[in-house]
>>> print(open('data-v7.txt').read())   # compact mmCIF, C-alpha atoms
# COMPACT_ATOMS: atom_id res chain seq x y z
CA MET A 1 13.13 -24.17 -14.52
CA ILE A 2 12.51 -21.69 -11.75
CA THR A 3 10.25 -23.07 -9.05
CA LEU A 4 8.20 -21.39 -6.36
CA ASN A 5 10.74 -22.58 -3.78
CA ASP A 6 13.57 -20.70 -5.51
CA THR A 7 11.66 -17.44 -5.47
CA LEU A 8 10.61 -17.87 -1.85
CA LEU A 9 14.20 -18.63 -0.88
CA VAL A 10 15.46 -15.44 -2.57
CA SER A 11 12.71 -13.47 -0.87
CA GLY A 12 13.54 -14.96 2.52
CA LEU A 13 17.23 -14.21 2.10
CA LEU A 14 16.40 -10.60 1.22
CA PHE A 15 14.22 -10.37 4.35
CA ALA A 16 17.02 -11.83 6.48
CA ILE A 17 19.53 -9.31 5.08
CA GLY A 18 17.12 -6.46 5.85
CA PHE A 19 16.47 -7.79 9.34
CA ALA A 20 20.19 -8.17 10.05
CA GLY A 21 20.66 -4.59 8.88
CA VAL A 22 18.01 -3.30 11.26
CA MET A 23 19.65 -5.16 14.15
CA LEU A 24 23.29 -4.40 13.32
CA ARG A 25 23.36 -0.83 12.06
CA ARG A 26 23.13 2.21 14.32
CA ASN A 27 22.51 4.92 11.72
CA ILE A 28 18.79 5.67 11.68
CA ILE A 29 18.70 6.30 7.90
CA ILE A 30 20.36 2.95 7.16
CA ILE A 31 17.87 1.28 9.51
CA PHE A 32 15.09 2.89 7.51
CA MET A 33 16.56 1.63 4.22
CA CYS A 34 16.74 -1.88 5.64
CA LEU A 35 13.05 -1.64 6.56
CA GLU A 36 12.38 -0.93 2.89
CA LEU A 37 14.37 -4.04 1.98
CA MET A 38 12.14 -6.13 4.25
CA LEU A 39 8.98 -4.69 2.67
CA ASN A 40 10.34 -5.53 -0.78
CA ALA A 41 11.07 -9.10 0.29
CA ALA A 42 7.41 -9.49 1.26
CA ASN A 43 6.39 -8.00 -2.10
CA LEU A 44 8.55 -10.52 -3.99
CA SER A 45 6.94 -13.49 -2.27
CA LEU A 46 3.45 -12.03 -2.92
CA VAL A 47 4.19 -11.65 -6.64
CA ALA A 48 5.57 -15.21 -6.73
CA PHE A 49 2.41 -16.63 -5.15
CA SER A 50 0.27 -14.54 -7.51
CA ARG A 51 2.14 -15.98 -10.51
CA PHE A 52 1.98 -19.50 -9.09
CA GLN A 53 -1.81 -19.58 -8.73
CA VAL A 54 -2.93 -19.40 -12.36
CA GLY A 55 -6.72 -19.42 -12.66
CA PRO A 56 -8.84 -21.29 -15.23
CA SER A 57 -8.69 -18.32 -17.62
CA GLY A 58 -4.91 -18.62 -17.75
CA LEU A 59 -4.33 -15.38 -15.85
CA PRO A 60 -2.30 -15.00 -12.66
CA ASN A 61 -4.23 -14.36 -9.45
CA TYR A 62 -4.27 -10.58 -9.37
CA ASN A 63 -5.23 -10.31 -5.68
CA GLY A 64 -1.58 -10.76 -4.72
CA GLN A 65 -0.44 -8.04 -7.09
CA MET A 66 -3.13 -5.71 -5.72
CA LEU A 67 -1.69 -6.19 -2.24
CA VAL A 68 1.77 -5.36 -3.62
CA PHE A 69 0.34 -2.21 -5.20
CA PHE A 70 -1.10 -1.07 -1.86
CA ILE A 71 2.10 -1.98 0.00
CA ILE A 72 4.14 0.17 -2.40
CA THR A 73 1.72 3.09 -1.93
CA VAL A 74 1.77 2.85 1.85
CA ALA A 75 5.56 2.43 1.86
CA ALA A 76 5.96 5.62 -0.16
CA ALA A 77 3.81 7.52 2.35
CA GLU A 78 5.72 5.91 5.20
CA VAL A 79 9.07 6.99 3.75
CA ALA A 80 7.87 10.59 3.41
CA VAL A 81 6.63 10.77 7.02
CA GLY A 82 9.62 8.85 8.40
CA LEU A 83 12.17 11.07 6.71
CA ALA A 84 10.32 14.18 7.94
CA ILE A 85 10.56 12.78 11.47
CA ILE A 86 14.29 12.09 10.97
CA VAL A 87 14.85 15.67 9.79
CA ALA A 88 12.96 17.06 12.80
CA LEU A 89 15.00 14.79 15.08
CA TYR A 90 18.26 15.92 13.47
CA ARG A 91 17.29 19.56 13.98
CA ALA A 92 16.68 18.95 17.67
CA ARG A 93 19.60 16.62 18.43
CA HIS A 94 22.16 17.00 15.58
CA THR A 95 22.70 13.27 15.32
CA THR A 96 21.36 10.27 13.41
CA HIS A 97 22.99 7.72 15.67
CA VAL A 98 20.32 5.78 17.55
CA GLU A 99 22.43 5.29 20.66
CA ASP A 100 22.59 9.07 21.13
CA ILE A 101 18.79 9.29 21.05
CA SER A 102 17.91 7.08 23.97
CA SER A 103 15.94 9.49 26.16
CA MET A 104 12.22 9.73 25.61
CA LYS A 105 11.90 13.41 26.51
CA PHE A 106 14.09 16.46 26.01
CA MET B 107 12.80 -15.57 -18.46
CA SER B 108 15.59 -18.09 -18.45
CA PRO B 109 16.77 -19.49 -15.11
CA ILE B 110 20.25 -18.06 -15.68
CA LEU B 111 18.89 -14.51 -15.83
CA PHE B 112 16.74 -15.16 -12.76
CA TRP B 113 19.76 -16.25 -10.74
CA ILE B 114 21.91 -13.38 -12.06
CA PHE B 115 19.34 -10.81 -10.98
CA SER B 116 18.77 -12.59 -7.66
CA LEU B 117 22.47 -12.54 -6.90
CA LEU B 118 22.70 -8.88 -7.94
CA MET B 119 19.76 -8.03 -5.69
CA LEU B 120 21.08 -9.95 -2.67
CA GLY B 121 24.65 -8.73 -3.16
CA PHE B 122 23.70 -5.08 -3.30
CA ALA B 123 21.26 -5.55 -0.41
CA ALA B 124 24.18 -6.88 1.64
CA SER B 125 26.21 -3.90 0.48
CA VAL B 126 23.51 -1.59 1.90
CA VAL B 127 24.11 -3.13 5.32
CA VAL B 128 27.90 -3.28 5.09
CA ASN B 129 28.73 0.13 3.59
CA ARG B 130 29.75 2.79 6.08
CA HIS B 131 28.93 5.77 3.87
CA PRO B 132 25.16 6.54 3.69
CA VAL B 133 25.33 7.69 0.04
CA ALA B 134 27.01 4.42 -0.99
CA SER B 135 24.30 2.51 0.88
CA ALA B 136 21.56 4.45 -0.90
CA MET B 137 23.11 3.84 -4.33
CA SER B 138 23.39 0.11 -3.56
CA LEU B 139 19.74 0.13 -2.60
CA VAL B 140 18.83 1.63 -6.00
CA VAL B 141 20.63 -1.21 -7.82
CA SER B 142 18.96 -3.74 -5.54
CA PHE B 143 15.51 -2.31 -6.30
CA ILE B 144 16.11 -2.30 -10.06
CA SER B 145 17.21 -5.95 -9.95
CA LEU B 146 14.06 -6.69 -7.97
CA ALA B 147 12.02 -5.02 -10.74
CA ALA B 148 13.70 -7.41 -13.20
CA LEU B 149 12.60 -10.32 -11.02
CA TYR B 150 9.02 -9.01 -11.09
CA VAL B 151 9.17 -8.89 -14.89
CA SER B 152 10.47 -12.46 -14.90
CA LEU B 153 7.35 -13.42 -12.91
CA ASP B 154 5.12 -11.76 -15.57
CA ALA B 155 4.16 -8.87 -13.25
CA TYR B 156 4.98 -6.11 -15.73
CA PHE B 157 2.96 -3.37 -14.06
CA ILE B 158 4.42 -4.08 -10.61
CA GLY B 159 7.91 -4.07 -12.12
CA THR B 160 7.27 -0.70 -13.72
CA ILE B 161 6.00 0.96 -10.57
CA GLN B 162 8.85 -0.62 -8.64
CA VAL B 163 11.26 1.32 -10.86
CA LEU B 164 9.17 4.51 -10.88
CA VAL B 165 8.18 4.68 -7.20
CA TYR B 166 10.97 2.89 -5.35
CA ALA B 167 14.07 3.35 -7.49
CA GLY B 168 12.84 6.78 -8.57
CA ALA B 169 10.84 8.71 -6.00
CA VAL B 170 11.68 6.98 -2.71
CA MET B 171 15.42 6.75 -3.33
CA VAL B 172 15.61 10.37 -4.52
CA LEU B 173 13.93 11.30 -1.22
CA PHE B 174 16.50 9.25 0.71
CA LEU B 175 19.46 10.77 -1.15
CA PHE B 176 17.97 14.24 -0.74
CA ILE B 177 17.69 13.80 3.03
CA ILE B 178 21.19 12.29 3.31
CA MET B 179 22.65 15.26 1.47
CA LEU B 180 20.47 17.75 3.35
CA LEU B 181 21.72 16.42 6.68
CA ASP B 182 25.25 16.27 5.26
CA LEU B 183 26.04 12.87 6.75
CA ARG B 184 29.67 11.77 6.63
CA VAL B 185 31.23 8.36 6.98
CA GLU B 186 30.32 7.05 10.39
CA GLN B 187 32.96 7.04 13.07
CA ARG B 188 33.78 3.55 14.19
CA ARG B 189 32.29 3.00 17.58
CA ARG B 190 32.49 0.16 20.02
CA ILE B 191 30.49 -2.67 18.50
CA ASN B 192 27.48 -3.66 20.54
CA ALA B 193 28.25 -7.38 20.88
CA VAL B 194 24.78 -8.39 22.09
CA ALA B 195 23.03 -6.71 19.15
CA THR B 196 25.53 -8.07 16.60
CA ILE B 197 25.43 -11.67 17.78
CA GLY B 198 21.71 -11.61 18.50
CA GLY B 199 20.82 -10.03 15.18
CA SER B 200 22.95 -12.44 13.16
CA LEU B 201 21.61 -15.43 15.10
CA VAL B 202 17.98 -14.46 14.56
CA ALA B 203 18.57 -13.81 10.83
CA ILE B 204 20.31 -17.18 10.38
CA ALA B 205 17.60 -18.94 12.39
CA PHE B 206 14.99 -17.32 10.15
CA VAL B 207 16.68 -18.61 6.98
CA VAL B 208 17.01 -22.14 8.41
CA GLN B 209 13.37 -22.14 9.47
CA LEU B 210 12.31 -20.86 6.04
CA MET B 211 14.25 -23.60 4.23
CA ALA B 212 12.61 -26.22 6.44
CA VAL B 213 9.16 -24.79 5.69
CA ILE B 214 9.51 -24.37 1.94
CA HIS B 215 10.76 -27.92 1.52
CA ARG B 216 7.40 -29.14 2.73
CA LEU B 217 5.38 -26.65 0.65
CA PRO B 218 2.88 -28.46 -1.63
CA GLY B 219 3.69 -27.73 -5.25
CA GLY B 220 6.79 -25.81 -4.33
CA LYS B 221 9.07 -27.96 -6.47
CA GLN B 222 6.97 -27.68 -9.66
CA PRO B 223 7.78 -24.95 -12.16
CA PHE B 224 5.32 -22.08 -12.51
CA PRO B 225 2.25 -23.07 -14.56
CA PRO B 226 2.03 -21.56 -18.06
CA LEU B 227 -0.11 -18.49 -18.71
CA GLN B 228 -2.65 -18.12 -21.50
CA ALA B 229 -1.31 -18.06 -25.02
CA GLY B 230 -0.62 -14.72 -26.65
CA ASN B 231 0.03 -11.41 -24.98
CA LEU B 232 -0.82 -10.85 -21.33
CA ASP B 233 -2.86 -7.64 -20.90
CA ASP B 234 -1.27 -7.02 -17.54
CA VAL B 235 -2.05 -3.33 -17.01
CA ARG B 236 -5.63 -3.68 -18.23
CA ASN B 237 -6.28 -6.66 -15.94
CA ILE B 238 -4.78 -4.84 -12.97
CA GLY B 239 -6.81 -1.72 -13.73
CA THR B 240 -10.03 -3.73 -13.96
CA THR B 241 -9.32 -5.48 -10.66
CA LEU B 242 -8.30 -2.24 -8.98
CA PHE B 243 -11.40 -0.29 -9.96
CA THR B 244 -13.93 -3.08 -9.38
CA ALA B 245 -12.95 -5.49 -6.61
CA PHE B 246 -10.56 -3.12 -4.82
CA ASN B 247 -12.28 0.22 -5.36
CA LEU B 248 -12.84 1.07 -1.69
CA PRO B 249 -9.25 0.28 -0.56
CA PHE B 250 -8.00 2.29 -3.52
CA GLN B 251 -9.89 5.39 -2.36
CA VAL B 252 -8.88 4.83 1.27
CA VAL B 253 -5.24 4.77 0.12
CA GLY B 254 -5.84 8.12 -1.60
CA VAL B 255 -6.98 9.60 1.72
CA LEU B 256 -3.93 8.02 3.39
CA LEU B 257 -1.60 9.77 0.94
CA LEU B 258 -3.36 13.09 1.62
CA VAL B 259 -2.98 12.61 5.39
CA ALA B 260 0.68 11.67 4.95
CA SER B 261 1.45 14.77 2.90
CA ILE B 262 -0.30 17.03 5.44
CA GLY B 263 1.60 15.26 8.21
CA VAL B 264 4.92 15.88 6.47
CA VAL B 265 4.13 19.59 6.14
CA VAL B 266 3.24 19.82 9.83
CA LEU B 267 6.38 17.91 10.87
CA SER B 268 8.64 20.06 8.70
CA LYS B 269 7.48 23.35 10.18
CA ARG B 270 10.16 25.06 12.23
CA GLU B 271 8.40 25.20 15.56
CA LEU B 272 5.98 22.51 16.61
CA LYS B 273 3.14 23.89 18.68
>>> encode(input="data-v7.txt", output="structure tokens")
Amino acid sequence: MITLNDTLLVSGLLFAIGFAGVMLRRNIIIIFMCLELMLNAANLSLVAFSRFQVGPSGLPNYNGQMLVFFIITVAAAEVAVGLAIIVALYRARHTTHVEDISSMKF
Amino acid sequence: MSPILFWIFSLLMLGFAASVVVNRHPVASAMSLVVSFISLAALYVSLDAYFIGTIQVLVYAGAVMVLFLFIIMLLDLRVEQRRRINAVATIGGSLVAIAFVVQLMAVIHRLPGGKQPFPPLQAGNLDDVRNIGTTLFTAFNLPFQVVGVLLLVASIGVVVLSKRELK
């Protein structure tokens, strides 16, 4: 049987992969994708805890799934704004490499 | 869902997530991320979160990834040139990620109830979407409307950012 530990382990590994991607990669779009991976890892552990805490009526605890719903909404808005910023940055600098964008003013 | 399917989808998800980090071509990374998100939706379904699994496919694998691919193709990104590897970032990043996994394993081994299987749900069909809708429009009504305003602000912000000249 699948236990809560298994799900949390998978979620933690996904978070670690996303974190390693943010630290290792230098392409700003890949960094952004890895941020999405980390958000999804948090969502997976929330859904697992929601399924684990079954109430007296035999239903999962829906508060966790509500939080996942809001995280997905906010992440979609975040992706839209972030990609608009990346496009504006690319227009100004013609690069997506973070080491070329180290000055704070241009 | 049977444990075999759970592990298959977990391995698919983790493998393609690693492929996002390793691939040097941005389009290949984005396609790997789509597969990873769809496997994650399968894991949600295995945890009886049918609605969350559906919006994972619709919003993440659909809308968000189309946006990513659209931007990658708009900017016309090629395969990255190999540059000198930043040794501090590579070693530091790997060390922190490995330390996080070790710490997590130590914590979840002491989690109460962590080794029991998930408790059974009520007999019969689970009205997942109806339960979520009821919770969303009663207990979480105010956050729901605040999120609507947030989406409006985000879309206005994107329009302002995309204008040619920022004043």
>>> interface_residues(input="data-v7.txt", of="chain B", to="chain A", cutoff="6 Å", atoms="only C-alpha atoms", output="count of residues only")
15
>>> closest_residue(input="data-v7.txt", among="B:Ala148, B:Met211, B:Phe115, B:Ser108", to="Ile161 in chain B", atoms="only C-alpha atoms")
B:Ala148
>>> atom_distance(input="data-v7.txt", atom1="CA of Val172 in chain B", atom2="CA of Val259 in chain B")
21.2 Å
>>> closest_residue(input="data-v7.txt", among="B:Val253, B:Ala134, B:Leu175, B:Leu146", to="Leu120 in chain B", atoms="all atoms listed in the file")
B:Leu146
>>> atom_distance(input="data-v7.txt", atom1="CA of Gly64 in chain A", atom2="CA of Leu46 in chain A")
5.5 Å
>>> atom_distance(input="data-v7.txt", atom1="CA of Ile144 in chain B", atom2="CA of Ala167 in chain B")
6.5 Å
>>> residues_around(input="data-v7.txt", residues="Ser125 in chain B", least_positions_apart="4", cutoff="8 Å", atoms="all atoms listed in the file", output="ChimeraX atom specification")
/B:121,129,135,138
>>> axis_aligned_box(input="data-v7.txt", around="range 248-261 of chain B", padding_each_side="8 Å", output="AutoDock Vina command-line options")
--center_x -5.7 --center_y 7.5 --center_z 0.9 --size_x 30.3 --size_y 30.5 --size_z 24.9
>>> closest_residue(input="data-v7.txt", among="B:Val141, B:Ala205, B:Leu181, B:Leu242", to="Arg93 in chain A", atoms="all atoms listed in the file")
B:Leu181
>>> decode(input="data-v7.txt", residues="range 188-237 of chain B", atoms="N, CA and C atoms", output="mmCIF file, in the first residue's frame")
data_model
loop_
_atom_site.group_PDB
_atom_site.id
_atom_site.type_symbol
_atom_site.label_atom_id
_atom_site.label_comp_id
_atom_site.auth_asym_id
_atom_site.auth_seq_id
_atom_site.Cartn_x
_atom_site.Cartn_y
_atom_site.Cartn_z
ATOM 1 N N ARG B 188 27.797 26.536 -24.296
ATOM 2 C CA ARG B 188 28.418 26.079 -23.049
ATOM 3 C C ARG B 188 29.294 27.198 -22.508
ATOM 4 N N ARG B 189 29.081 27.502 -21.257
ATOM 5 C CA ARG B 189 29.918 28.528 -20.639
ATOM 6 C C ARG B 189 30.720 27.869 -19.525
ATOM 7 N N ARG B 190 31.616 28.658 -18.979
ATOM 8 C CA ARG B 190 32.374 28.165 -17.835
ATOM 9 C C ARG B 190 31.387 27.891 -16.708
ATOM 10 N N ILE B 191 31.492 26.689 -16.129
ATOM 11 C CA ILE B 191 30.549 26.335 -15.069
ATOM 12 C C ILE B 191 30.932 27.074 -13.802
ATOM 13 N N ASN B 192 29.926 27.669 -13.174
ATOM 14 C CA ASN B 192 30.155 28.351 -11.914
ATOM 15 C C ASN B 192 30.247 27.293 -10.815
ATOM 16 N N ALA B 193 31.476 27.000 -10.376
ATOM 17 C CA ALA B 193 31.698 25.864 -9.476
ATOM 18 C C ALA B 193 30.998 26.064 -8.142
ATOM 19 N N VAL B 194 31.024 27.305 -7.638
ATOM 20 C CA VAL B 194 30.421 27.554 -6.319
ATOM 21 C C VAL B 194 28.929 27.276 -6.371
ATOM 22 N N ALA B 195 28.257 27.783 -7.432
ATOM 23 C CA ALA B 195 26.811 27.583 -7.530
ATOM 24 C C ALA B 195 26.479 26.114 -7.716
ATOM 25 N N THR B 196 27.266 25.403 -8.550
ATOM 26 C CA THR B 196 26.981 23.989 -8.808
ATOM 27 C C THR B 196 27.118 23.160 -7.542
ATOM 28 N N ILE B 197 28.280 23.309 -6.882
ATOM 29 C CA ILE B 197 28.511 22.492 -5.682
ATOM 30 C C ILE B 197 27.538 22.902 -4.578
ATOM 31 N N GLY B 198 27.381 24.204 -4.398
ATOM 32 C CA GLY B 198 26.487 24.674 -3.338
ATOM 33 C C GLY B 198 25.054 24.236 -3.568
ATOM 34 N N GLY B 199 24.576 24.391 -4.803
ATOM 35 C CA GLY B 199 23.204 24.013 -5.099
ATOM 36 C C GLY B 199 22.961 22.530 -4.889
ATOM 37 N N SER B 200 23.892 21.692 -5.389
ATOM 38 C CA SER B 200 23.723 20.251 -5.210
ATOM 39 C C SER B 200 23.755 19.881 -3.737
ATOM 40 N N LEU B 201 24.699 20.504 -2.989
ATOM 41 C CA LEU B 201 24.818 20.174 -1.567
ATOM 42 C C LEU B 201 23.538 20.518 -0.822
ATOM 43 N N VAL B 202 22.981 21.710 -1.097
ATOM 44 C CA VAL B 202 21.779 22.109 -0.364
ATOM 45 C C VAL B 202 20.612 21.197 -0.731
ATOM 46 N N ALA B 203 20.498 20.817 -2.023
ATOM 47 C CA ALA B 203 19.405 19.931 -2.430
ATOM 48 C C ALA B 203 19.542 18.567 -1.756
ATOM 49 N N ILE B 204 20.779 18.026 -1.714
ATOM 50 C CA ILE B 204 20.974 16.715 -1.079
ATOM 51 C C ILE B 204 20.702 16.808 0.418
ATOM 52 N N ALA B 205 21.173 17.909 1.041
ATOM 53 C CA ALA B 205 20.931 18.089 2.472
ATOM 54 C C ALA B 205 19.437 18.172 2.754
ATOM 55 N N PHE B 206 18.696 18.814 1.844
ATOM 56 C CA PHE B 206 17.243 18.913 2.032
ATOM 57 C C PHE B 206 16.596 17.533 2.006
ATOM 58 N N VAL B 207 17.019 16.678 1.057
ATOM 59 C CA VAL B 207 16.420 15.339 0.963
ATOM 60 C C VAL B 207 16.741 14.517 2.208
ATOM 61 N N VAL B 208 18.000 14.599 2.682
ATOM 62 C CA VAL B 208 18.391 13.840 3.871
ATOM 63 C C VAL B 208 17.579 14.287 5.076
ATOM 64 N N GLN B 209 17.461 15.610 5.224
ATOM 65 C CA GLN B 209 16.678 16.169 6.336
ATOM 66 C C GLN B 209 15.232 15.697 6.261
ATOM 67 N N LEU B 210 14.673 15.722 5.038
ATOM 68 C CA LEU B 210 13.271 15.316 4.848
ATOM 69 C C LEU B 210 13.078 13.853 5.231
ATOM 70 N N MET B 211 14.036 12.984 4.834
ATOM 71 C CA MET B 211 13.879 11.571 5.170
ATOM 72 C C MET B 211 13.929 11.384 6.667
ATOM 73 N N ALA B 212 14.817 12.152 7.347
ATOM 74 C CA ALA B 212 14.881 12.038 8.802
ATOM 75 C C ALA B 212 13.570 12.479 9.427
ATOM 76 N N VAL B 213 12.943 13.530 8.878
ATOM 77 C CA VAL B 213 11.716 14.050 9.478
ATOM 78 C C VAL B 213 10.557 13.097 9.243
ATOM 79 N N ILE B 214 10.408 12.613 7.985
ATOM 80 C CA ILE B 214 9.213 11.812 7.718
ATOM 81 C C ILE B 214 9.299 10.441 8.361
ATOM 82 N N HIS B 215 10.480 10.001 8.791
ATOM 83 C CA HIS B 215 10.513 8.728 9.502
ATOM 84 C C HIS B 215 9.932 8.852 10.894
ATOM 85 N N ARG B 216 9.911 10.069 11.419
ATOM 86 C CA ARG B 216 9.348 10.243 12.754
ATOM 87 C C ARG B 216 7.927 10.781 12.709
ATOM 88 N N LEU B 217 7.328 10.872 11.504
ATOM 89 C CA LEU B 217 5.996 11.449 11.377
ATOM 90 C C LEU B 217 4.955 10.492 11.944
ATOM 91 N N PRO B 218 4.088 10.937 12.881
ATOM 92 C CA PRO B 218 3.077 10.018 13.412
ATOM 93 C C PRO B 218 2.092 9.609 12.321
ATOM 94 N N GLY B 219 1.860 8.325 12.196
ATOM 95 C CA GLY B 219 0.911 7.839 11.199
ATOM 96 C C GLY B 219 1.453 7.786 9.800
ATOM 97 N N GLY B 220 2.710 8.160 9.629
ATOM 98 C CA GLY B 220 3.250 8.221 8.276
ATOM 99 C C GLY B 220 3.401 6.857 7.621
ATOM 100 N N LYS B 221 3.508 5.804 8.440
ATOM 101 C CA LYS B 221 3.729 4.483 7.854
ATOM 102 C C LYS B 221 2.433 3.718 7.624
ATOM 103 N N GLN B 222 1.285 4.293 8.069
ATOM 104 C CA GLN B 222 0.006 3.623 7.795
ATOM 105 C C GLN B 222 -0.437 3.958 6.379
ATOM 106 N N PRO B 223 -1.202 3.054 5.756
ATOM 107 C CA PRO B 223 -1.793 3.424 4.464
ATOM 108 C C PRO B 223 -2.877 4.477 4.654
ATOM 109 N N PHE B 224 -3.268 5.109 3.542
ATOM 110 C CA PHE B 224 -4.298 6.142 3.631
ATOM 111 C C PHE B 224 -5.619 5.534 4.092
ATOM 112 N N PRO B 225 -6.353 6.202 4.998
ATOM 113 C CA PRO B 225 -7.622 5.635 5.469
ATOM 114 C C PRO B 225 -8.643 5.584 4.343
ATOM 115 N N PRO B 226 -9.575 4.626 4.400
ATOM 116 C CA PRO B 226 -10.553 4.504 3.308
ATOM 117 C C PRO B 226 -11.558 5.644 3.327
ATOM 118 N N LEU B 227 -12.075 5.982 2.145
ATOM 119 C CA LEU B 227 -13.103 7.023 2.037
ATOM 120 C C LEU B 227 -14.469 6.374 2.183
ATOM 121 N N GLN B 228 -15.517 7.206 2.168
ATOM 122 C CA GLN B 228 -16.871 6.675 2.310
ATOM 123 C C GLN B 228 -17.198 5.769 1.122
ATOM 124 N N ALA B 229 -18.102 4.831 1.375
ATOM 125 C CA ALA B 229 -18.465 3.897 0.318
ATOM 126 C C ALA B 229 -19.210 4.612 -0.790
ATOM 127 N N GLY B 230 -19.144 4.080 -1.986
ATOM 128 C CA GLY B 230 -19.853 4.679 -3.109
ATOM 129 C C GLY B 230 -19.012 5.722 -3.785
ATOM 130 N N ASN B 231 -19.656 6.536 -4.617
ATOM 131 C CA ASN B 231 -18.924 7.527 -5.392
ATOM 132 C C ASN B 231 -18.613 8.749 -4.549
ATOM 133 N N LEU B 232 -17.449 9.336 -4.815
ATOM 134 C CA LEU B 232 -17.039 10.551 -4.112
ATOM 135 C C LEU B 232 -17.447 11.748 -4.976
ATOM 136 N N ASP B 233 -18.350 12.595 -4.432
ATOM 137 C CA ASP B 233 -18.786 13.786 -5.179
ATOM 138 C C ASP B 233 -17.741 14.876 -5.026
ATOM 139 N N ASP B 234 -16.621 14.682 -5.712
ATOM 140 C CA ASP B 234 -15.471 15.548 -5.438
ATOM 141 C C ASP B 234 -15.735 16.990 -5.842
ATOM 142 N N VAL B 235 -16.222 17.191 -7.067
ATOM 143 C CA VAL B 235 -16.400 18.568 -7.559
ATOM 144 C C VAL B 235 -17.473 19.294 -6.755
ATOM 145 N N ARG B 236 -18.556 18.569 -6.401
ATOM 146 C CA ARG B 236 -19.606 19.222 -5.630
ATOM 147 C C ARG B 236 -19.110 19.611 -4.244
ATOM 148 N N ASN B 237 -18.332 18.725 -3.607
ATOM 149 C CA ASN B 237 -17.802 19.060 -2.281
ATOM 150 C C ASN B 237 -16.865 20.252 -2.362
#
